[in-house]
file query.cif (mmCIF, C-alpha atoms)
data_final
loop_
_atom_site.label_atom_id
_atom_site.label_comp_id
_atom_site.auth_asym_id
_atom_site.auth_seq_id
_atom_site.Cartn_x
_atom_site.Cartn_y
_atom_site.Cartn_z
CA MET A 1 0.00 0.00 0.00
CA LEU A 2 1.43 3.38 -1.06
CA VAL A 3 1.10 5.90 1.79
CA GLU A 4 3.91 8.40 1.14
CA VAL A 5 5.05 10.04 -2.09
CA LEU A 6 7.77 12.56 -2.87
CA LEU A 7 7.14 14.36 -6.17
CA SER A 8 9.56 16.63 -7.99
CA ALA A 9 8.24 18.91 -10.71
CA TRP A 10 10.67 21.03 -12.69
CA PHE A 11 8.58 22.36 -15.56
CA ARG A 12 5.17 24.01 -15.90
CA ASN A 13 3.27 20.87 -16.91
CA SER A 14 5.28 18.44 -14.78
CA ILE A 15 2.97 18.62 -11.78
CA ARG A 16 -0.03 17.71 -13.91
CA ASN A 17 1.88 14.91 -15.67
CA VAL A 18 3.25 13.35 -12.48
CA ILE A 19 -0.12 13.47 -10.73
CA SER A 20 -1.90 11.90 -13.68
CA GLY A 21 0.69 9.09 -13.62
CA ILE A 22 -0.01 8.18 -9.99
CA SER A 23 -3.71 9.09 -9.91
CA CYS A 24 -4.71 5.51 -9.09
CA CYS A 25 -2.78 5.74 -5.78
CA LEU A 26 -3.76 9.23 -4.63
CA ALA A 27 -6.71 8.14 -2.50
CA LYS A 28 -4.38 6.04 -0.29
CA LEU A 29 -1.71 8.70 0.32
CA GLU A 30 -1.18 9.94 3.87
CA PHE A 31 1.96 12.04 3.28
CA LEU A 32 2.77 14.02 0.14
CA SER A 33 5.91 16.08 -0.46
CA LEU A 34 6.05 18.13 -3.63
CA TYR A 35 9.24 19.80 -4.82
CA ALA A 36 8.43 22.44 -7.43
CA SER A 37 11.27 24.41 -9.02
CA LYS A 38 8.83 27.08 -10.14
CA LEU A 39 5.53 28.19 -8.73
CA ALA A 40 4.02 27.14 -11.99
CA ILE A 41 0.35 26.95 -11.14
CA SER A 42 -1.58 29.86 -12.53
CA GLU A 43 -5.27 30.33 -11.82
CA SER A 44 -6.17 28.88 -15.22
CA GLN A 45 -3.88 25.87 -14.72
CA GLU A 46 -5.32 25.25 -11.26
CA GLU A 47 -8.59 23.97 -12.69
CA GLY A 48 -6.71 21.59 -14.98
CA ILE A 49 -4.76 20.16 -12.07
CA LEU A 50 -7.96 19.65 -10.09
CA ASP A 51 -9.23 17.54 -13.00
CA TYR A 52 -6.28 15.18 -12.45
CA LEU A 53 -6.59 15.03 -8.68
CA ARG A 54 -8.80 12.44 -7.14
CA GLN A 55 -9.81 13.24 -3.63
CA LEU A 56 -6.75 12.82 -1.45
CA THR A 57 -9.06 11.48 1.24
CA ASN A 58 -6.34 9.98 3.47
CA LEU A 59 -3.78 12.78 3.12
CA LYS A 60 -2.75 14.00 6.59
CA GLN A 61 0.37 16.02 5.76
CA PHE A 62 1.34 17.98 2.66
CA ILE A 63 4.83 19.46 2.34
CA LEU A 64 5.42 21.88 -0.52
CA VAL A 65 9.00 22.89 -1.29
CA ALA A 66 9.00 25.62 -3.90
CA CYS A 67 11.43 28.05 -5.46
CA ALA A 68 10.00 31.49 -5.97
CA SER A 69 11.00 34.76 -7.53
CA LYS A 70 9.87 38.21 -6.42
CA ASP A 71 6.27 37.79 -5.31
CA ASP A 72 5.02 34.75 -7.24
CA SER A 73 1.52 33.77 -6.17
CA LEU A 74 1.15 30.70 -3.99
CA ILE A 75 -2.64 30.54 -4.30
CA GLY A 76 -2.59 27.92 -7.06
CA PHE A 77 -1.33 25.32 -4.60
CA THR A 78 -4.57 25.53 -2.63
CA SER A 79 -5.99 23.09 -5.19
CA PHE A 80 -3.99 20.33 -3.46
CA ILE A 81 -5.27 21.49 -0.10
CA ARG A 82 -8.89 21.53 -1.30
CA ALA A 83 -8.45 18.02 -2.66
CA SER A 84 -7.37 16.87 0.82
CA PRO A 85 -10.42 17.01 3.11
CA ASN A 86 -8.61 15.31 6.04
CA LEU A 87 -5.39 17.32 5.87
CA GLU A 88 -4.03 18.03 9.36
CA LYS A 89 -0.70 19.71 8.59
CA PHE A 90 0.51 21.89 5.73
CA VAL A 91 4.19 22.85 5.43
CA LEU A 92 5.45 25.39 2.92
CA LYS A 93 9.23 25.59 2.47
CA LEU A 94 10.08 28.54 0.27
CA GLN A 95 13.44 28.90 -1.39
CA TRP A 96 13.75 32.41 -2.80
CA ARG A 97 15.94 32.93 -5.86
CA GLY A 98 18.59 35.62 -5.82
CA ASN A 99 18.30 38.86 -3.94
CA ASP A 100 14.78 39.59 -5.09
CA ILE A 101 13.17 39.68 -1.67
CA VAL A 102 10.60 42.40 -2.18
CA HIS A 103 7.32 43.51 -0.74
CA GLU A 104 5.34 44.28 -3.86
CA ASP A 105 2.21 46.31 -3.60
CA ARG A 106 0.08 44.27 -5.95
CA GLU A 107 -3.57 43.35 -5.86
CA SER A 108 -4.38 40.40 -3.62
CA LYS A 109 -5.34 37.09 -5.17
CA LYS A 110 -8.03 34.91 -3.66
CA ALA A 111 -8.51 31.17 -3.80
CA LEU A 112 -11.84 29.42 -3.85
CA SER A 113 -13.25 29.08 -0.35
CA PHE A 114 -13.29 25.56 1.02
CA LEU A 115 -13.72 24.64 4.66
CA LEU A 116 -10.71 22.74 5.96
CA GLN A 117 -12.27 20.64 8.71
CA HIS A 118 -9.11 18.98 10.07
CA LEU A 119 -6.21 21.37 9.40
CA ARG A 120 -4.55 22.10 12.75
CA VAL A 121 -1.00 23.21 11.91
CA VAL A 122 0.41 25.42 9.17
CA GLU A 123 4.16 25.97 8.81
CA SER A 124 5.63 28.63 6.57
CA LEU A 125 9.39 28.24 6.29
CA GLY A 126 11.28 30.94 4.42
CA TYR A 127 8.53 33.44 5.27
CA TYR A 128 9.44 37.05 4.59
CA GLY A 129 6.04 38.73 4.62
CA ARG A 130 5.52 39.03 0.89
CA ARG A 131 1.99 39.59 -0.38
CA SER A 132 1.96 35.99 -1.72
CA GLU A 133 2.80 34.53 1.70
CA LEU A 134 0.23 36.71 3.44
CA GLU A 135 -2.44 35.61 0.92
CA LEU A 136 -1.81 32.01 1.89
CA VAL A 137 -1.98 32.75 5.63
CA GLU A 138 -5.26 34.63 5.06
CA TYR A 139 -6.60 31.63 3.11
CA PHE A 140 -5.93 29.33 6.06
CA LEU A 141 -7.40 31.77 8.57
CA GLU A 142 -10.58 32.05 6.51
CA ASN A 143 -11.00 28.34 5.77
CA ALA A 144 -9.37 26.22 8.50
CA VAL A 145 -12.06 25.56 11.10
CA VAL A 146 -9.85 23.95 13.78
CA LEU A 147 -6.55 25.71 13.11
CA GLU A 148 -4.45 25.68 16.30
CA LYS A 149 -0.98 26.83 15.32
CA ILE A 150 0.86 28.81 12.66
CA ILE A 151 4.64 28.43 12.65
CA VAL A 152 6.70 30.99 10.77
CA ASP A 153 10.42 30.63 10.16
CA PRO A 154 12.05 33.40 8.09
CA ARG A 155 15.31 31.55 7.54
CA ASP A 156 16.36 30.94 3.95
CA GLN A 157 15.65 27.23 3.63
CA THR A 158 18.64 26.70 1.35
CA MET A 159 20.92 28.00 4.13
CA VAL A 160 19.56 26.04 7.11
CA GLY A 161 22.43 24.20 8.78
CA ARG A 162 25.11 26.26 7.03
CA PRO A 163 27.18 29.09 8.50
CA LYS A 164 25.52 32.46 7.89
CA LYS A 165 26.97 35.69 6.58
CA LEU A 166 26.26 38.93 8.42
CA GLU A 167 23.94 40.03 5.58
CA GLU A 168 21.84 36.86 5.97
CA ILE A 169 21.59 37.33 9.75
CA LYS A 170 20.38 40.91 9.24
CA LYS A 171 17.85 39.77 6.63
CA GLU A 172 16.46 37.15 9.02
CA LYS A 173 16.12 39.71 11.82
CA VAL A 174 14.20 42.06 9.53
CA ALA A 175 11.97 39.17 8.43
CA LYS A 176 11.21 38.24 12.05
CA VAL A 177 10.28 41.80 12.98
CA TYR A 178 8.15 42.14 9.85
CA ALA A 179 6.41 38.79 10.45
CA LYS A 180 5.59 39.71 14.06
CA LYS A 181 4.19 43.08 13.04
CA GLN A 182 2.26 41.68 10.10
CA LEU A 183 0.82 38.55 11.70
CA LYS A 184 0.18 39.55 15.33
CA GLU A 185 -2.73 41.79 14.28
CA LEU A 186 -4.05 39.29 11.75
CA ILE A 187 -4.05 36.05 13.75
CA PRO A 188 -6.79 35.69 16.39
CA PRO A 189 -5.72 34.94 19.99
CA HIS A 190 -7.04 31.35 19.97
CA ILE A 191 -4.45 30.42 17.30
CA GLU A 192 -0.87 30.07 18.53
CA LEU A 193 1.67 32.01 16.47
CA VAL A 194 5.25 30.72 16.67
CA ILE A 195 7.97 32.80 15.03
CA LYS A 196 11.32 31.01 15.05
#
call {"tool": "encode", "arguments": {"input": "query.cif", "output": "structure tokens"}}
result
Amino acid sequence: MLVEVLLSAWFRNSIRNVISGISCCLAKLEFLSLYASKLAISESQEEGILDYLRQLTNLKQFILVACASKDDSLIGFTSFIRASPNLEKFVLKLQWRGNDIVHEDRESKKALSFLLQHLRVVESLGYYGRRSELELVEYFLENAVVLEKIIVDPRDQTMVGRPKKLEEIKKEKVAKVYAKKQLKELIPPHIELVIK
């Protein structure tokens, strides 16, 4: 019985192709890790991916490792979350390319509303307070009925475990301050906010 899958998608249509190839096993999965080199799911592609997804009815934990540039939208990945009615934990590990950490003032994107009845923990690793990251946090706050904890770690996920340069340490401190300021007002008191 297949209960855990690690997927790696490097091109725009890879996610769809890989999922269609294992679609017969998706209903049994409990743990899914997806490595995506690009945040390649646009709003129009999201519907196509949902066509390939069967209900991930047993999925308990979804880990998404994604490379991003500037303020790429993360909303397209909510299709996996909506296809997982029993999801208990979602982990986003962002790896930002280059020095393009920006806070763009762009219009917010919204995902389709879908009540997440079992989601208790959300982790956002590599969080820097970009509009795209905030959109995802807002999505969980609006849809996760039993959400207990949001964990935010601003460290660059490609640098975890390695010695840090002074510039990286400063960047992490700024990200922590920004995350506290941004999220403290947004997250209700009954949800625990952990900033590492």
call {"tool": "resolve_selection", "arguments": {"input": "query.cif", "expression": "the PyMOL selection byres ((chain A and resi 143-150) around 6)", "output": "VMD selection string"}}
result
chain A and resid 114 to 117 119 to 123 140 to 142 151 191 to 193
call {"tool": "closest_residue", "arguments": {"input": "query.cif", "among": "A:Leu94, A:Val194, A:Ala83, A:Ile22", "to": "Leu64 of chain A", "atoms": "all atoms listed in the file"}}
result
A:Leu94
call {"tool": "residues_near_point", "arguments": {"input": "query.cif", "point": "(15.7, 40.4, 10.2)", "cutoff": "12 Å", "atoms": "all atoms listed in the file", "output": "ChimeraX atom specification"}}
result
/A:126-129,153-156,166-180,195-196
call {"tool": "axis_aligned_box", "arguments": {"input": "query.cif", "around": "segment 70-87 of chain A", "padding_each_side": "4 Å", "output": "JSON"}}
result
{"center_x": -0.3, "center_y": 26.8, "center_z": -0.6, "size_x": 28.3, "size_y": 30.9, "size_z": 21.3}
call {"tool": "closest_residue", "arguments": {"input": "query.cif", "among": "A:Leu74, A:Cys67, A:Leu56, A:Leu34", "to": "Glu133 of chain A", "atoms": "all atoms listed in the file"}}
result
A:Leu74
call {"tool": "atom_distance", "arguments": {"input": "query.cif", "atom1": "atom CA of Cys25 of chain A", "atom2": "atom CA of Ser73 of chain A"}}
result
28.4 Å
call {"tool": "resolve_selection", "arguments": {"input": "query.cif", "expression": "the PyMOL selection byres ((chain A and resi 26) around 8)", "output": "list in words"}}
result
Ile22, Ser23, Cys24, Cys25, Ala27, Lys28, Leu29, Leu53, Arg54, Gln55 and Leu56 of chain A
call {"tool": "residues_around", "arguments": {"input": "query.cif", "residues": "Leu186 of chain A", "least_positions_apart": "3", "cutoff": "10 Å", "atoms": "all atoms listed in the file", "output": "NGL selection string"}}
result
:A and (134 or 137-138 or 141 or 180-183 or 189)
call {"tool": "atom_distance", "arguments": {"input": "query.cif", "atom1": "atom CA of Leu87 of chain A", "atom2": "atom CA of Phe31 of chain A"}}
result
9.4 Å
call {"tool": "resolve_selection", "arguments": {"input": "query.cif", "expression": "the PyMOL selection byres ((chain A and resi 90) around 7)", "output": "count of residues only"}}
result
10
call {"tool": "atom_distance", "arguments": {"input": "query.cif", "atom1": "atom CA of Val65 of chain A", "atom2": "atom CA of Phe77 of chain A"}}
result
11.1 Å
